[in-house]
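This is query.json (JSON, C-alpha atoms and all ligand atoms).
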[["chain", "number", "residue", "atom", "x", "y", "z"],
["V", 1, "MET", "CA", 0.00, 0.00, 0.00],
["V", 2, "LYS", "CA", 1.23, 3.45, -0.88],
["V", 3, "PRO", "CA", 1.68, 5.90, 1.99],
["V", 4, "THR", "CA", -0.57, 8.90, 1.81],
["V", 5, "ILE", "CA", 1.09, 12.25, 2.09],
["V", 6, "THR", "CA", -1.13, 14.87, 3.58],
["V", 7, "ARG", "CA", -0.31, 18.51, 3.49],
["V", 8, "PRO", "CA", -1.09, 20.55, 6.60],
["V", 9, "PRO", "CA", -3.77, 23.16, 5.99],
["V", 10, "VAL", "CA", -2.47, 26.61, 5.19],
["V", 11, "LYS", "CA", -3.21, 28.88, 8.10],
["V", 12, "PRO", "CA", -4.58, 32.33, 7.37],
["V", 13, "THR", "CA", -1.86, 34.89, 7.86],
["V", 14, "SER", "CA", -4.28, 37.40, 9.36],
["V", 15, "GLY", "CA", -4.63, 35.25, 12.47],
["V", 16, "SER", "CA", -0.93, 35.16, 13.16],
["V", 17, "ALA", "CA", -0.30, 38.76, 14.11],
["V", 18, "ARG", "CA", -1.05, 40.37, 17.44],
["V", 19, "TRP", "CA", 0.09, 43.32, 19.48],
["V", 20, "LEU", "CA", 1.93, 42.70, 22.70],
["V", 21, "THR", "CA", 1.99, 46.45, 23.19],
["V", 22, "ARG", "CA", -0.26, 48.59, 21.05],
["V", 23, "PRO", "CA", 1.51, 51.29, 19.07],
["V", 24, "ASP", "CA", 1.50, 54.76, 20.58],
["V", 25, "SER", "CA", 1.00, 57.90, 18.50],
["V", 26, "ALA", "CA", 4.58, 57.53, 17.17],
["V", 27, "GLY", "CA", 3.86, 53.98, 16.10],
["V", 28, "ALA", "CA", 6.09, 52.51, 18.82],
["V", 29, "GLY", "CA", 4.70, 49.16, 19.83],
["V", 30, "GLN", "CA", 5.53, 45.50, 20.10],
["V", 31, "LEU", "CA", 4.18, 43.18, 17.45],
["V", 32, "VAL", "CA", 4.18, 39.39, 17.52],
["V", 33, "LEU", "CA", 4.22, 37.63, 14.16],
["V", 34, "ARG", "CA", 3.82, 33.86, 14.12],
["V", 35, "THR", "CA", 5.81, 32.03, 11.47],
["V", 36, "ALA", "CA", 4.40, 29.22, 9.34],
["V", 37, "ALA", "CA", 6.21, 26.84, 11.71],
["V", 38, "GLY", "CA", 4.28, 28.28, 14.66],
["V", 39, "ILE", "CA", 7.17, 30.23, 16.15],
["V", 40, "ASP", "CA", 6.38, 33.65, 17.60],
["V", 41, "ARG", "CA", 8.73, 36.44, 16.62],
["V", 42, "LEU", "CA", 8.67, 39.73, 18.46],
["V", 43, "TYR", "CA", 9.21, 43.00, 16.64],
["V", 44, "GLN", "CA", 9.55, 46.55, 17.84],
["V", 45, "THR", "CA", 7.56, 48.81, 15.54],
["V", 46, "ALA", "CA", 8.07, 52.45, 14.66],
["V", 47, "ALA", "CA", 6.25, 54.73, 12.26],
["V", 48, "LEU", "CA", 8.31, 56.31, 9.47],
["V", 49, "LEU", "CA", 7.34, 59.87, 8.83],
["V", 50, "ASP", "CA", 8.09, 62.21, 5.97],
["V", 51, "GLN", "CA", 7.35, 65.79, 6.97],
["V", 52, "GLY", "CA", 4.80, 64.59, 9.47],
["V", 53, "ARG", "CA", 3.07, 62.24, 7.06],
["V", 54, "LEU", "CA", 3.06, 58.49, 7.73],
["V", 55, "VAL", "CA", 4.93, 56.83, 4.86],
["V", 56, "GLY", "CA", 5.87, 53.49, 6.36],
["V", 57, "TRP", "CA", 6.89, 51.38, 9.31],
["V", 58, "SER", "CA", 10.05, 49.80, 10.57],
["V", 59, "LEU", "CA", 9.99, 46.39, 12.22],
["V", 60, "THR", "CA", 13.01, 45.52, 14.33],
["V", 61, "ARG", "CA", 13.19, 41.93, 15.43],
["V", 62, "LEU", "CA", 14.04, 41.66, 19.10],
["V", 63, "GLY", "CA", 17.02, 39.47, 19.80],
["V", 64, "THR", "CA", 18.59, 39.69, 16.36],
["V", 65, "GLY", "CA", 18.17, 43.41, 15.68],
["V", 66, "GLU", "CA", 17.24, 42.72, 12.05],
["V", 67, "THR", "CA", 15.22, 45.67, 10.83],
["V", 68, "TYR", "CA", 12.83, 45.69, 7.89],
["V", 69, "HIS", "CA", 11.33, 48.80, 6.41],
["V", 70, "LEU", "CA", 7.84, 48.82, 5.01],
["V", 71, "ASP", "CA", 6.79, 51.49, 2.56],
["V", 72, "THR", "CA", 3.08, 52.07, 3.00],
["V", 73, "SER", "CA", 2.88, 55.33, 1.11],
["V", 74, "ALA", "CA", 1.60, 53.65, -2.05],
["V", 75, "GLU", "CA", -1.56, 51.61, -2.48],
["V", 76, "ALA", "CA", 0.54, 48.42, -2.72],
["V", 77, "TRP", "CA", 2.83, 48.17, 0.28],
["V", 78, "SER", "CA", 6.42, 47.03, -0.10],
["V", 79, "CYS", "CA", 9.07, 45.70, 2.29],
["V", 80, "ASP", "CA", 12.84, 45.49, 2.06],
["V", 81, "CYS", "CA", 13.13, 41.97, 3.48],
["V", 82, "PRO", "CA", 14.65, 39.24, 1.26],
["V", 83, "ALA", "CA", 11.35, 37.37, 0.94],
["V", 84, "PHE", "CA", 9.60, 40.39, -0.50],
["V", 85, "THR", "CA", 12.56, 41.60, -2.54],
["V", 86, "PHE", "CA", 13.08, 38.27, -4.30],
["V", 87, "THR", "CA", 9.69, 36.52, -4.34],
["V", 88, "ALA", "CA", 6.99, 39.23, -4.23],
["V", 89, "HIS", "CA", 6.56, 39.04, -7.98],
["V", 90, "LYS", "CA", 5.26, 35.47, -7.66],
["V", 91, "ARG", "CA", 4.23, 35.10, -4.02],
["V", 92, "GLY", "CA", 2.83, 38.53, -3.24],
["V", 93, "PRO", "CA", 3.25, 40.40, 0.03],
["V", 94, "CYS", "CA", 5.62, 39.04, 2.71],
["V", 95, "LYS", "CA", 4.65, 38.13, 6.26],
["V", 96, "HIS", "CA", 5.66, 41.56, 7.52],
["V", 97, "ILE", "CA", 3.21, 43.34, 5.23],
["V", 98, "LEU", "CA", 0.39, 40.86, 5.83],
["V", 99, "GLY", "CA", 1.04, 40.75, 9.56],
["V", 100, "LEU", "CA", 1.34, 44.48, 10.10],
["V", 101, "ALA", "CA", -1.70, 45.23, 7.94],
["V", 102, "ALA", "CA", -3.79, 42.68, 9.85],
["V", 103, "ALA", "CA", -2.54, 43.94, 13.21],
["V", 104, "LEU", "CA", -3.27, 47.58, 12.34],
["V", 105, "ARG", "CA", -6.74, 46.64, 11.08],
["V", 106, "LYS", "CA", -7.46, 44.87, 14.37],
["V", 107, "ILE", "CA", -6.93, 48.05, 16.37],
["V", 108, "GLY", "CA", -8.62, 50.30, 13.84],
["V", 109, "TRP", "CA", -5.47, 52.21, 12.95],
["V", 110, "GLU", "CA", -6.05, 54.72, 10.17],
["V", 111, "MET", "CA", -3.93, 53.48, 7.23],
["W", 1, "ZN", "ZN", 8.97, 41.68, 4.64]]

As structure tokens, what does this structure read like?
Amino acid sequence: MKPTITRPPVKPTSGSARWLTRPDSAGAGQLVLRTAAGIDRLYQTAALLDQGRLVGWSLTRLGTGETYHLDTSAEAWSCDCPAFTFTAHKRGPCKHILGLAAALRKIGWEM
């Protein structure tokens, strides 16, 4: 008999982002993004302003200090992480974009 290979169901990305600390008016907060493997990663967030206008966010991963910059000034958000830089053309937004967007929606942040 042939073994059956079952694929685990793909979890919705929107459910994998939550605030540990909600962002203050400067966008400083602590965001938890859960990886596909179920590992929580903690990021410090900050709003990026251009002459007082919100143009993006930075996500700094606690522990490693890796920082990703999200440009949210255009309709389609972009991120400077490797996943987005190299695979966005076929895979779409990275986990930072999906996670941050979902987390901001949850708290009713004006985007
Ligand atoms: Zn990213």

At most 10 Å from ligand ZN 1 (chain W) (all atoms listed in the file): residue list as a PyMOL selection string
chain V and resi 59+67-70+77-85+88+93-100

Which residue gives the smallest distance to V:Ala101 among V:His89, V:Thr72, V:Gly29, V:Leu62, with only C-alpha atoms counted?
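Among V:His89, V:Thr72, V:Gly29, V:Leu62, it is V:Thr72 that comes nearest to V:Ala101.
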
How many Å separate atom CA of V:Trp109 from atom CA of V:Arg53?
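Separation of atom CA of V:Trp109 and atom CA of V:Arg53: 14.4 Å.
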
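Nearest residue to V:Thr64, choosing from V:Thr87, V:Arg41, V:Asp24, V:Gln51 and counting all atoms listed in the file: V:Arg41.
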
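Note that the spacing between atom CA of V:Leu33 and atom CA of V:Glu75 amounts to 22.5 Å.
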
Please determine, counting only C-alpha atoms, which residue among V:Ala26, V:Ala37, V:Leu42, V:Ala74 has the shortest atom-to-atom distance to V:Val55.
V:Ala74

Could you tell me how far atom CA of V:Trp57 sits from atom CA of V:Ala76, in Å to one decimal place?
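According to the coordinates, atom CA of V:Ala76 and atom CA of V:Trp57 are separated by 13.9 Å.
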
Find, counting all atoms listed in the file, the residue in V:Glu66, V:Arg61, V:Ser73, V:Phe86 that gets nearest to V:Gln30.
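Ranked by minimum distance to V:Gln30, first place goes to V:Arg61.
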
Around stretch 48-67 of chain V, with edges along x, y and z and 3 Å added on all six sides, what centre and edge lengths do you get, in Å to one decimal, as lines of an AutoDock Vina configuration file?
center_x = 10.8
center_y = 52.6
center_z = 12.3
size_x = 21.5
size_y = 32.3
size_z = 20.9

Spatial neighbours of V:Glu110, max dist 12 Å, only C-alpha atoms, sep filter under 5 positions, as a ChimeraX atom specification
/V:25,27,54,72,101,103-105

Those residues with C-alpha atoms, as a PDB file, keeping the file's coordinate frame please?
ATOM      1  CA  SER V  25       1.000  57.900  18.500  1.00  0.00           C
ATOM      2  CA  GLY V  27       3.860  53.980  16.100  1.00  0.00           C
ATOM      3  CA  LEU V  54       3.060  58.490   7.730  1.00  0.00           C
ATOM      4  CA  THR V  72       3.080  52.070   3.000  1.00  0.00           C
ATOM      5  CA  ALA V 101      -1.700  45.230   7.940  1.00  0.00           C
ATOM      6  CA  ALA V 103      -2.540  43.940  13.210  1.00  0.00           C
ATOM      7  CA  LEU V 104      -3.270  47.580  12.340  1.00  0.00           C
ATOM      8  CA  ARG V 105      -6.740  46.640  11.080  1.00  0.00           C
TER       9      ARG V 105
END

From the coordinates supplied, stretch 45-101 of chain V should be written with C-alpha atoms, as a PDB file, in the first residue's frame.
ATOM      1  CA  THR V  45       7.558  48.808  15.538  1.00  0.00           C
ATOM      2  CA  ALA V  46       8.068  52.454  14.659  1.00  0.00           C
ATOM      3  CA  ALA V  47       6.253  54.728  12.264  1.00  0.00           C
ATOM      4  CA  LEU V  48       8.306  56.306   9.475  1.00  0.00           C
ATOM      5  CA  LEU V  49       7.335  59.872   8.834  1.00  0.00           C
ATOM      6  CA  ASP V  50       8.092  62.212   5.970  1.00  0.00           C
ATOM      7  CA  GLN V  51       7.352  65.794   6.969  1.00  0.00           C
ATOM      8  CA  GLY V  52       4.797  64.591   9.470  1.00  0.00           C
ATOM      9  CA  ARG V  53       3.068  62.242   7.055  1.00  0.00           C
ATOM     10  CA  LEU V  54       3.064  58.491   7.732  1.00  0.00           C
ATOM     11  CA  VAL V  55       4.930  56.832   4.859  1.00  0.00           C
ATOM     12  CA  GLY V  56       5.868  53.488   6.362  1.00  0.00           C
ATOM     13  CA  TRP V  57       6.892  51.380   9.312  1.00  0.00           C
ATOM     14  CA  SER V  58      10.051  49.796  10.571  1.00  0.00           C
ATOM     15  CA  LEU V  59       9.985  46.390  12.218  1.00  0.00           C
ATOM     16  CA  THR V  60      13.011  45.516  14.328  1.00  0.00           C
ATOM     17  CA  ARG V  61      13.189  41.930  15.426  1.00  0.00           C
ATOM     18  CA  LEU V  62      14.043  41.664  19.095  1.00  0.00           C
ATOM     19  CA  GLY V  63      17.016  39.465  19.803  1.00  0.00           C
ATOM     20  CA  THR V  64      18.589  39.693  16.358  1.00  0.00           C
ATOM     21  CA  GLY V  65      18.170  43.409  15.677  1.00  0.00           C
ATOM     22  CA  GLU V  66      17.238  42.720  12.054  1.00  0.00           C
ATOM     23  CA  THR V  67      15.218  45.665  10.834  1.00  0.00           C
ATOM     24  CA  TYR V  68      12.825  45.687   7.892  1.00  0.00           C
ATOM     25  CA  HIS V  69      11.331  48.801   6.408  1.00  0.00           C
ATOM     26  CA  LEU V  70       7.836  48.822   5.007  1.00  0.00           C
ATOM     27  CA  ASP V  71       6.788  51.488   2.563  1.00  0.00           C
ATOM     28  CA  THR V  72       3.078  52.067   3.004  1.00  0.00           C
ATOM     29  CA  SER V  73       2.875  55.335   1.109  1.00  0.00           C
ATOM     30  CA  ALA V  74       1.605  53.652  -2.052  1.00  0.00           C
ATOM     31  CA  GLU V  75      -1.563  51.609  -2.485  1.00  0.00           C
ATOM     32  CA  ALA V  76       0.536  48.425  -2.724  1.00  0.00           C
ATOM     33  CA  TRP V  77       2.835  48.167   0.281  1.00  0.00           C
ATOM     34  CA  SER V  78       6.420  47.026  -0.100  1.00  0.00           C
ATOM     35  CA  CYS V  79       9.066  45.696   2.286  1.00  0.00           C
ATOM     36  CA  ASP V  80      12.843  45.493   2.059  1.00  0.00           C
ATOM     37  CA  CYS V  81      13.129  41.967   3.475  1.00  0.00           C
ATOM     38  CA  PRO V  82      14.654  39.239   1.256  1.00  0.00           C
ATOM     39  CA  ALA V  83      11.349  37.367   0.937  1.00  0.00           C
ATOM     40  CA  PHE V  84       9.599  40.388  -0.500  1.00  0.00           C
ATOM     41  CA  THR V  85      12.560  41.596  -2.540  1.00  0.00           C
ATOM     42  CA  PHE V  86      13.077  38.269  -4.302  1.00  0.00           C
ATOM     43  CA  THR V  87       9.693  36.525  -4.345  1.00  0.00           C
ATOM     44  CA  ALA V  88       6.995  39.226  -4.226  1.00  0.00           C
ATOM     45  CA  HIS V  89       6.559  39.039  -7.978  1.00  0.00           C
ATOM     46  CA  LYS V  90       5.259  35.473  -7.659  1.00  0.00           C
ATOM     47  CA  ARG V  91       4.234  35.105  -4.017  1.00  0.00           C
ATOM     48  CA  GLY V  92       2.833  38.532  -3.244  1.00  0.00           C
ATOM     49  CA  PRO V  93       3.249  40.404   0.033  1.00  0.00           C
ATOM     50  CA  CYS V  94       5.617  39.043   2.708  1.00  0.00           C
ATOM     51  CA  LYS V  95       4.646  38.135   6.256  1.00  0.00           C
ATOM     52  CA  HIS V  96       5.664  41.564   7.524  1.00  0.00           C
ATOM     53  CA  ILE V  97       3.210  43.336   5.232  1.00  0.00           C
ATOM     54  CA  LEU V  98       0.394  40.859   5.829  1.00  0.00           C
ATOM     55  CA  GLY V  99       1.038  40.745   9.565  1.00  0.00           C
ATOM     56  CA  LEU V 100       1.337  44.476  10.101  1.00  0.00           C
ATOM     57  CA  ALA V 101      -1.702  45.232   7.939  1.00  0.00           C
TER      58      ALA V 101
END
